[in-house]
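Next up, model.tsv (TSV, C-alpha atoms (C1' of nucleotides)):
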chain	number	residue	atom	x	y	z
A	26	MET	CA	-30.62	-111.61	85.23
A	27	GLY	CA	-34.31	-112.19	85.41
A	28	GLN	CA	-33.96	-115.92	85.43
A	29	GLY	CA	-34.65	-116.58	89.08
A	30	GLU	CA	-37.79	-114.55	89.34
A	31	ALA	CA	-40.25	-117.14	88.19
A	32	LYS	CA	-39.22	-119.99	90.48
A	33	VAL	CA	-41.85	-121.25	92.84
A	34	THR	CA	-40.77	-121.38	96.45
A	35	ALA	CA	-43.63	-123.51	97.64
A	36	PRO	CA	-45.78	-125.18	94.98
A	37	ALA	CA	-48.48	-125.85	97.54
A	38	PHE	CA	-49.22	-122.16	97.69
A	39	ASP	CA	-50.08	-121.65	94.05
A	40	ALA	CA	-53.69	-121.14	95.00
A	41	THR	CA	-52.62	-118.49	97.45
A	42	VAL	CA	-50.66	-116.76	94.78
A	43	GLN	CA	-53.69	-116.64	92.54
A	44	LEU	CA	-55.65	-114.96	95.28
A	45	PHE	CA	-52.94	-112.51	96.12
A	46	ALA	CA	-52.24	-111.65	92.54
A	47	ASP	CA	-55.73	-111.32	91.08
A	48	ARG	CA	-54.85	-108.02	89.51
A	49	GLN	CA	-53.27	-106.97	86.23
A	50	PRO	CA	-49.50	-106.62	86.54
A	51	GLY	CA	-48.40	-103.17	85.52
A	52	GLN	CA	-51.81	-101.72	86.27
A	53	PRO	CA	-52.91	-99.96	89.43
A	54	VAL	CA	-54.25	-102.36	92.01
A	55	ASP	CA	-58.00	-102.57	92.09
A	56	PRO	CA	-59.13	-100.48	95.06
A	57	GLN	CA	-62.03	-102.91	95.46
A	58	CYS	CA	-59.66	-105.87	95.76
A	59	PRO	CA	-61.32	-108.02	98.42
A	60	VAL	CA	-58.03	-109.09	99.92
A	61	ARG	CA	-56.86	-105.58	100.58
A	62	ASP	CA	-60.35	-104.64	101.60
A	63	VAL	CA	-60.53	-107.15	104.41
A	64	LEU	CA	-56.92	-106.90	105.50
A	65	ASP	CA	-57.19	-103.14	105.74
A	66	ARG	CA	-60.23	-103.65	107.91
A	67	ILE	CA	-59.05	-106.31	110.34
A	68	GLY	CA	-55.47	-105.15	110.15
A	69	ASP	CA	-56.02	-102.08	112.24
A	70	LYS	CA	-54.96	-101.83	115.83
A	71	TRP	CA	-58.17	-102.93	117.54
A	72	SER	CA	-60.50	-104.89	115.23
A	73	THR	CA	-59.03	-108.30	115.92
A	74	LEU	CA	-59.00	-107.72	119.65
A	75	ILE	CA	-62.65	-106.72	119.56
A	76	LEU	CA	-63.60	-109.69	117.41
A	77	GLY	CA	-61.68	-111.93	119.78
A	78	THR	CA	-63.52	-110.43	122.72
A	79	LEU	CA	-66.94	-110.82	121.12
A	80	ALA	CA	-66.04	-114.39	120.23
A	81	THR	CA	-66.71	-115.22	123.87
A	82	GLY	CA	-70.24	-113.90	123.60
A	83	PRO	CA	-72.22	-110.66	123.47
A	84	HIS	CA	-70.67	-107.74	125.31
A	85	ARG	CA	-71.88	-104.31	126.29
A	86	PHE	CA	-69.82	-101.30	125.39
A	87	SER	CA	-68.25	-101.01	128.79
A	88	ALA	CA	-67.66	-104.75	128.97
A	89	VAL	CA	-65.60	-104.60	125.78
A	90	GLN	CA	-63.68	-101.72	127.25
A	91	ARG	CA	-62.96	-103.72	130.38
A	92	ALA	CA	-61.80	-106.63	128.25
A	93	ILE	CA	-59.44	-104.39	126.28
A	94	PRO	CA	-58.16	-102.01	128.94
A	95	ASP	CA	-55.85	-99.93	126.79
A	96	ILE	CA	-58.37	-98.92	124.14
A	97	SER	CA	-59.77	-95.40	124.26
A	98	LYS	CA	-63.49	-94.81	124.15
A	99	ARG	CA	-63.07	-93.01	120.88
A	100	MET	CA	-61.38	-95.90	119.12
A	101	LEU	CA	-63.74	-98.41	120.65
A	102	THR	CA	-66.76	-96.53	119.32
A	103	GLN	CA	-65.21	-96.08	115.92
A	104	THR	CA	-63.96	-99.63	115.51
A	105	LEU	CA	-67.28	-101.05	116.67
A	106	ARG	CA	-69.05	-98.93	114.08
A	107	ASP	CA	-66.69	-99.97	111.31
A	108	LEU	CA	-67.21	-103.61	112.18
A	109	GLU	CA	-70.96	-103.05	112.33
A	110	ARG	CA	-70.93	-101.34	108.96
A	111	ASP	CA	-69.14	-104.32	107.47
A	112	GLY	CA	-71.75	-106.66	108.92
A	113	LEU	CA	-69.34	-108.47	111.21
A	114	ILE	CA	-71.00	-107.41	114.44
A	115	ALA	CA	-74.53	-106.36	115.37
A	116	ARG	CA	-75.48	-103.52	117.69
A	117	THR	CA	-78.64	-103.74	119.78
A	118	VAL	CA	-79.93	-100.94	121.99
A	119	PHE	CA	-81.94	-101.82	125.09
A	120	PRO	CA	-84.07	-98.91	126.38
A	121	THR	CA	-83.20	-99.49	130.03
A	122	LYS	CA	-82.88	-96.64	132.54
A	123	PRO	CA	-79.38	-95.84	131.34
A	124	PRO	CA	-79.72	-97.24	127.83
A	125	SER	CA	-77.45	-100.20	127.38
A	126	VAL	CA	-76.06	-101.40	124.08
A	127	GLU	CA	-75.08	-104.91	123.28
A	128	TYR	CA	-72.60	-105.93	120.63
A	129	ARG	CA	-72.38	-109.44	119.27
A	130	LEU	CA	-70.88	-111.24	116.31
A	131	THR	CA	-73.14	-111.77	113.33
A	132	PRO	CA	-73.07	-115.14	111.54
A	133	LEU	CA	-70.67	-113.51	109.07
A	134	GLY	CA	-68.57	-112.27	111.94
A	135	VAL	CA	-68.32	-115.77	113.34
A	136	THR	CA	-66.92	-117.04	110.06
A	137	ILE	CA	-63.85	-114.84	110.31
A	138	LEU	CA	-62.81	-116.39	113.60
A	139	GLU	CA	-61.46	-119.50	111.93
A	140	PRO	CA	-58.96	-117.79	109.60
A	141	LEU	CA	-58.14	-115.38	112.38
A	142	THR	CA	-57.41	-118.27	114.67
A	143	SER	CA	-54.83	-119.76	112.34
A	144	LEU	CA	-53.08	-116.43	112.20
A	145	VAL	CA	-53.12	-116.18	115.98
A	146	ARG	CA	-51.78	-119.71	116.23
A	147	TRP	CA	-48.99	-118.82	113.84
A	148	ALA	CA	-48.17	-115.74	115.88
A	149	ASN	CA	-47.86	-117.76	119.04
A	150	GLN	CA	-45.69	-120.38	117.42
A	151	SER	CA	-43.47	-117.88	115.64
A	152	HIS	CA	-43.04	-114.95	117.95
A	153	ALA	CA	-39.95	-116.41	119.61
A	154	ALA	CA	-38.26	-116.83	116.23
A	155	ILE	CA	-39.31	-113.33	115.22
A	156	ARG	CA	-37.89	-111.78	118.35
A	157	GLU	CA	-34.65	-113.63	117.78
A	158	ALA	CA	-34.52	-112.39	114.19
A	159	ARG	CA	-35.10	-108.83	115.32
A	160	LEU	CA	-32.33	-109.07	117.88
A	161	ALA	CA	-29.89	-110.43	115.31
A	162	PHE	CA	-30.87	-107.79	112.77
A	163	ASP	CA	-30.51	-104.94	115.23
A	164	GLN	CA	-27.13	-106.15	116.43
A	165	ALA	CA	-25.87	-106.31	112.85
A	166	SER	CA	-26.44	-102.59	112.45
B	7	MET	CA	-78.13	-106.71	133.18
B	8	GLY	CA	-74.89	-108.51	132.86
B	9	GLN	CA	-76.51	-111.86	132.32
B	10	GLY	CA	-75.89	-112.11	128.60
B	11	GLU	CA	-72.24	-111.28	128.62
B	12	ALA	CA	-70.84	-114.71	129.37
B	13	LYS	CA	-72.67	-116.68	126.70
B	14	VAL	CA	-70.52	-118.42	124.17
B	15	THR	CA	-71.40	-117.68	120.59
B	16	ALA	CA	-69.35	-120.48	119.10
B	17	PRO	CA	-68.00	-123.12	121.48
B	18	ALA	CA	-65.56	-124.34	118.84
B	19	PHE	CA	-63.61	-121.12	119.20
B	20	ASP	CA	-62.75	-121.45	122.85
B	21	ALA	CA	-59.15	-122.08	121.91
B	22	THR	CA	-59.18	-118.89	119.89
B	23	VAL	CA	-60.47	-117.00	122.83
B	24	GLN	CA	-57.65	-118.28	124.97
B	25	LEU	CA	-55.17	-117.02	122.44
B	26	PHE	CA	-56.84	-113.67	122.03
B	27	ALA	CA	-57.27	-113.13	125.72
B	28	ASP	CA	-53.92	-114.22	127.10
B	29	ARG	CA	-53.64	-111.06	129.15
B	30	GLN	CA	-54.81	-110.00	132.59
B	31	PRO	CA	-58.22	-108.33	132.48
B	32	GLY	CA	-58.08	-104.87	133.96
B	33	GLN	CA	-54.38	-104.60	133.29
B	34	PRO	CA	-52.70	-102.89	130.35
B	35	VAL	CA	-52.22	-105.28	127.46
B	36	ASP	CA	-48.76	-106.76	127.24
B	37	PRO	CA	-46.91	-104.80	124.52
B	38	GLN	CA	-45.02	-108.03	123.76
B	39	CYS	CA	-48.29	-109.88	123.13
B	40	PRO	CA	-47.42	-112.07	120.15
B	41	VAL	CA	-50.82	-111.72	118.58
B	42	ARG	CA	-50.71	-107.96	118.47
B	43	ASP	CA	-47.09	-108.12	117.52
B	44	VAL	CA	-47.71	-110.11	114.37
B	45	LEU	CA	-50.98	-108.49	113.42
B	46	ASP	CA	-49.45	-105.05	113.71
B	47	ARG	CA	-46.70	-106.26	111.41
B	48	ILE	CA	-48.64	-108.01	108.67
B	49	GLY	CA	-51.65	-105.77	109.11
B	50	ASP	CA	-50.03	-102.81	107.47
B	51	LYS	CA	-50.87	-101.72	103.97
B	52	TRP	CA	-48.16	-103.58	102.04
B	53	SER	CA	-46.71	-106.53	103.97
B	54	THR	CA	-49.23	-109.09	102.84
B	55	LEU	CA	-48.98	-108.00	99.23
B	56	ILE	CA	-45.19	-108.34	99.35
B	57	LEU	CA	-45.38	-111.72	101.05
B	58	GLY	CA	-47.88	-112.83	98.43
B	59	THR	CA	-45.58	-111.62	95.68
B	60	LEU	CA	-42.54	-113.39	97.10
B	61	ALA	CA	-44.62	-116.53	97.52
B	62	THR	CA	-44.21	-117.02	93.77
B	63	GLY	CA	-40.43	-117.04	94.11
B	64	PRO	CA	-37.47	-114.73	94.64
B	65	HIS	CA	-37.90	-111.22	93.27
B	66	ARG	CA	-35.55	-108.33	92.78
B	67	PHE	CA	-36.44	-104.93	94.15
B	68	SER	CA	-37.74	-103.62	90.87
B	69	ALA	CA	-39.61	-106.84	90.19
B	70	VAL	CA	-41.56	-106.47	93.41
B	71	GLN	CA	-42.32	-102.91	92.42
B	72	ARG	CA	-43.63	-104.08	89.07
B	73	ALA	CA	-45.76	-106.70	90.79
B	74	ILE	CA	-47.26	-104.08	93.12
B	75	PRO	CA	-47.59	-101.06	90.88
B	76	ASP	CA	-49.10	-98.65	93.37
B	77	ILE	CA	-46.44	-98.94	96.05
B	78	SER	CA	-43.96	-96.13	96.38
B	79	LYS	CA	-40.23	-96.82	96.51
B	80	ARG	CA	-40.14	-95.44	99.99
B	81	MET	CA	-42.77	-97.83	101.37
B	82	LEU	CA	-41.35	-100.75	99.42
B	83	THR	CA	-37.92	-100.21	100.95
B	84	GLN	CA	-39.33	-99.73	104.41
B	85	THR	CA	-41.67	-102.70	104.34
B	86	LEU	CA	-39.02	-105.01	102.90
B	87	ARG	CA	-36.70	-104.01	105.70
B	88	ASP	CA	-39.31	-104.56	108.36
B	89	LEU	CA	-40.04	-108.01	106.98
B	90	GLU	CA	-36.32	-108.74	106.81
B	91	ARG	CA	-35.86	-107.61	110.38
B	92	ASP	CA	-38.58	-110.00	111.48
B	93	GLY	CA	-36.88	-112.85	109.66
B	94	LEU	CA	-39.71	-113.40	107.19
B	95	ILE	CA	-37.73	-112.52	104.09
B	96	ALA	CA	-34.02	-112.61	103.20
B	97	ARG	CA	-32.10	-109.97	101.28
B	98	THR	CA	-29.16	-110.94	99.08
B	99	VAL	CA	-26.97	-108.44	97.25
B	100	PHE	CA	-25.26	-109.52	94.02
B	101	PRO	CA	-22.26	-107.33	93.14
B	102	THR	CA	-23.14	-107.01	89.47
B	103	LYS	CA	-22.37	-103.86	87.47
B	104	PRO	CA	-25.44	-102.09	88.82
B	105	PRO	CA	-25.76	-104.09	92.05
B	106	SER	CA	-28.89	-106.20	92.08
B	107	VAL	CA	-30.72	-107.26	95.22
B	108	GLU	CA	-32.83	-110.34	95.56
B	109	TYR	CA	-35.57	-110.85	98.11
B	110	ARG	CA	-36.99	-114.24	98.98
B	111	LEU	CA	-39.08	-115.80	101.71
B	112	THR	CA	-37.22	-117.48	104.53
B	113	PRO	CA	-38.47	-120.84	105.84
B	114	LEU	CA	-40.22	-118.85	108.56
B	115	GLY	CA	-41.70	-116.57	105.94
B	116	VAL	CA	-43.10	-119.55	104.09
B	117	THR	CA	-44.94	-120.71	107.20
B	118	ILE	CA	-47.07	-117.58	107.35
B	119	LEU	CA	-48.50	-118.21	103.90
B	120	GLU	CA	-50.85	-120.88	105.15
B	121	PRO	CA	-52.68	-118.77	107.78
B	122	LEU	CA	-52.57	-115.86	105.38
B	123	THR	CA	-54.20	-117.99	102.73
B	124	SER	CA	-57.18	-118.82	104.89
B	125	LEU	CA	-57.67	-115.15	105.54
B	126	VAL	CA	-57.47	-114.39	101.83
B	127	ARG	CA	-59.94	-117.16	101.12
B	128	TRP	CA	-62.30	-115.72	103.68
B	129	ALA	CA	-61.98	-112.30	102.10
B	130	ASN	CA	-62.87	-113.63	98.68
B	131	GLN	CA	-65.84	-115.55	99.98
B	132	SER	CA	-67.13	-112.71	102.14
B	133	HIS	CA	-66.47	-109.53	100.29
B	134	ALA	CA	-69.82	-109.60	98.51
B	135	ALA	CA	-71.64	-109.90	101.83
B	136	ILE	CA	-69.50	-107.14	103.30
B	137	ARG	CA	-70.23	-104.77	100.45
B	138	GLU	CA	-73.93	-105.47	100.85
B	139	ALA	CA	-73.71	-104.79	104.57
B	140	ARG	CA	-71.95	-101.51	103.93
B	141	LEU	CA	-74.56	-100.44	101.42
B	142	ALA	CA	-77.38	-101.26	103.83
B	143	PHE	CA	-75.64	-99.49	106.70
B	144	ASP	CA	-74.96	-96.37	104.66
B	145	GLN	CA	-78.52	-96.19	103.40
B	146	ALA	CA	-79.86	-96.40	106.93
B	147	SER	CA	-78.08	-93.19	107.83
C	8	DC	C1'	-15.18	-86.27	76.54
C	9	DG	C1'	-19.90	-85.54	78.13
C	10	DT	C1'	-24.40	-87.35	78.46
C	11	DC	C1'	-27.83	-90.87	79.00
C	12	DT	C1'	-29.76	-94.94	81.15
C	13	DA	C1'	-30.32	-98.42	84.83
C	14	DT	C1'	-30.37	-100.37	89.81
C	15	DG	C1'	-31.42	-99.87	94.49
C	16	DG	C1'	-31.70	-97.04	97.39
C	17	DT	C1'	-31.92	-92.45	100.72
C	18	DC	C1'	-33.76	-87.87	102.02
C	19	DT	C1'	-36.97	-84.11	102.68
C	20	DC	C1'	-41.38	-82.26	102.61
C	21	DA	C1'	-46.41	-82.29	102.34
C	22	DC	C1'	-50.50	-84.72	103.11
C	23	DT	C1'	-53.78	-88.16	104.83
C	24	DT	C1'	-55.20	-91.26	108.55
C	25	DA	C1'	-55.07	-93.06	113.08
C	26	DA	C1'	-55.27	-92.35	117.89
C	27	DT	C1'	-55.34	-89.80	122.46
C	28	DT	C1'	-57.20	-86.37	125.58
C	29	DA	C1'	-61.03	-83.65	126.90
C	30	DC	C1'	-65.78	-82.73	126.81
C	31	DC	C1'	-70.99	-83.49	126.35
C	32	DT	C1'	-75.63	-85.66	127.27
C	33	DT	C1'	-78.96	-88.27	129.78
C	34	DG	C1'	-80.44	-90.51	133.68
C	35	DT	C1'	-79.91	-92.42	138.52
C	36	DG	C1'	-78.73	-93.00	143.24
C	37	DT	C1'	-77.68	-90.23	147.73
D	8	DA	C1'	-77.46	-80.55	144.49
D	9	DC	C1'	-73.81	-83.65	143.58
D	10	DA	C1'	-71.01	-87.30	141.84
D	11	DC	C1'	-71.11	-90.95	138.71
D	12	DA	C1'	-71.82	-94.08	134.74
D	13	DA	C1'	-72.99	-95.25	129.75
D	14	DG	C1'	-72.38	-93.95	125.15
D	15	DG	C1'	-70.82	-90.93	122.17
D	16	DT	C1'	-68.79	-86.49	119.84
D	17	DA	C1'	-65.24	-82.62	119.07
D	18	DA	C1'	-60.78	-80.89	118.89
D	19	DT	C1'	-55.87	-81.90	119.10
D	20	DT	C1'	-51.79	-84.48	118.22
D	21	DA	C1'	-49.03	-88.46	116.50
D	22	DA	C1'	-48.12	-91.71	113.05
D	23	DG	C1'	-48.34	-93.62	108.44
D	24	DT	C1'	-48.01	-92.76	103.56
D	25	DG	C1'	-46.80	-90.64	99.15
D	26	DA	C1'	-44.31	-87.62	95.45
D	27	DG	C1'	-40.32	-86.50	93.92
D	28	DA	C1'	-35.37	-84.95	94.15
D	29	DC	C1'	-30.94	-86.78	94.83
D	30	DC	C1'	-26.69	-90.34	95.04
D	31	DA	C1'	-23.06	-93.77	93.61
D	32	DT	C1'	-21.59	-96.77	90.10
D	33	DA	C1'	-20.78	-98.34	85.47
D	34	DG	C1'	-21.62	-99.25	80.67
D	35	DA	C1'	-23.37	-97.54	76.07
D	36	DC	C1'	-24.01	-93.84	72.93
D	37	DG	C1'	-22.72	-89.83	70.14
Translate this file's structure into C-alpha cells.
Amino acid sequence: MGQGEAKVTAPAFDATVQLFADRQPGQPVDPQCPVRDVLDRIGDKWSTLILGTLATGPHRFSAVQRAIPDISKRMLTQTLRDLERDGLIARTVFPTKPPSVEYRLTPLGVTILEPLTSLVRWANQSHAAIREARLAFDQAS
Amino acid sequence: MGQGEAKVTAPAFDATVQLFADRQPGQPVDPQCPVRDVLDRIGDKWSTLILGTLATGPHRFSAVQRAIPDISKRMLTQTLRDLERDGLIARTVFPTKPPSVEYRLTPLGVTILEPLTSLVRWANQSHAAIREARLAFDQAS
DNA sequence: CGTCTATGGTCTCACTTAATTACCTTGTGT
DNA sequence: ACACAAGGTAATTAAGTGAGACCATAGACG
C-alpha cells in the first residue's frame, strides 16, 4: 500500500497543486488561507449571480432584484454588503426623493470576472456529462 | 433615474454576461441552470480542497483526511460521494485484509482543475487587497 | 482465548450558518 | 388618508457542519 498515492495525474497542474496545498500537512488548515477565503465568499448561493449581474453595468438595488428574481431582499442586502466589505463592489447613495442606491463593480471586482468566466464556461460544457453521471449513480443504488 | 443601469463596465465580458444571464428576466431562475448547478457543487466548504488534493494523484480515504486535517470523517465521506455522483472522481475498492478504497479524478474531474486554477490564482493575487478592504470597511462602522 | 489496532465507513445528536417570511421607515403620488 | 415603492432590519425556520460513538473484518500480540 501507499505506493500509488504520489503519482501525478496531470503534470500540467503542478502549479495548481502548490496553490491548493500551501499549508502544512498534518496541521490545521490556515483559516486565513486565501483560497478558502475567496471560495467561501463567492461560493455562496448568490454572490456569483450578483457579480454576473453587475458585470453588465451599475444596478440599483431593485434592478438587481429584478435581474435575480428568486433572491429575497434579505439575502440581496446581505450579499451586497459582504461583497462591498470585500471591496468587490461599491455602493453609492443618491439623495433623490426616495433615496436610490447604486451598486457597481470596483476595479478589483472586475478582475474576478475572468476566472469566474472560465468556471461558468466549464459548467456549460460539462453539465450534460454531470447529469448523466448523476443518473447512472442514482440508478446503481 | 434608470439611465445608468445599462452601461457596460467591461465590454470584454459580454460573453460572461450571456452565460450568467441565460434565464428569463422576471421569471424564477431555472433550477437546472448549469452555472448554479456547478457552483453550488464546488462552492461548498470541502469540494475544492478535495479536488486539489486528488489533483496530485490517487489517494486513499485516510490519505485525503491526512491531506485535509480539519475535515471530519462525516463531511469527507459525504463530499467524496457527492463528487463521485457528479462523475468528477472515481471510487475503487480493493479487497485487501482491511479493505482499502482509492479515490482519483476522472477525466471529467481533471477538466475542472483548469478553471479552478484561475480562481485560485485570483485568490492569491487579490487576498491582500480584500483584507485591506475589509479592514477599511470595518473601521468605517 | 481475549484484546488491541487499523480501514472505511455509518449513525445520532448538538451546534452553527444560511435563507425565507414578515415587518419597519421614509417619502411620494392620488 | 391611502396605497405603494425603495432599502433595510428582526424574528423564525431550514440546511450545513462537526464531535464522537459504533460496526464489520482480520491480523498481531500477550
Notebook entry, point to check: Do you have the CA of Ala148 (chain A)-CA of Leu89 (chain B) distance handy?
Noted result: 14.3 Å
Margin query: Using all atoms listed in the file and a distance of at most 7 Å, pull out the residues of chain B that contact chain D, as a PyMOL selection string.
Written below: chain B and resi 78+103-104
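One finds CA of Pro40 (chain B) at 5.7 Å from CA of His152 (chain A).
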Under the rule of at most 9 Å, produce a per-residue listing of chain C near chain A: chain, number, name, the closest pair of atoms, and the distance in Å, as a tab-separated table, using all atoms listed in the file.
residue	atom	partner	partner_atom	distance
C:DA26	C1'	A:Met100	CA	7.2
C:DT27	C1'	A:Ser97	CA	7.4
C:DT33	C1'	A:Pro123	CA	7.7
C:DG34	C1'	A:Pro123	CA	5.9
C:DT35	C1'	A:Lys122	CA	7.9
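The two atoms in question, CA of Arg146 (chain A) and CA of Arg42 (chain B), are spaced 12.0 Å apart.
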Item checked: Nearby residues (all atoms listed in the file) at most 12 Å from Ser72 (chain A), same-chain spacing under 5 positions excluded, as number ranges by chain -> A: 63-67, 77-79, 89, 93, 96, 100-109, 111, 113-114, 134, 137-138, 141; B: 26, 42, 45-46, 49
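The nearest approach to chain A among the residues B:Thr54, B:Thr102, B:Ser124, B:Gln71, with all atoms listed in the file taken into account, belongs to B:Ser124.
Between chain A and the residues B:Asn130, B:Ser68, B:Ser106, B:Thr112, the shortest atom-to-atom distance, using all atoms listed in the file, involves B:Asn130.
Using only C-alpha atoms, the smallest distance between any of A:Ala115, A:Ala165, A:Ile75, A:Val145 and chain B comes from A:Val145.
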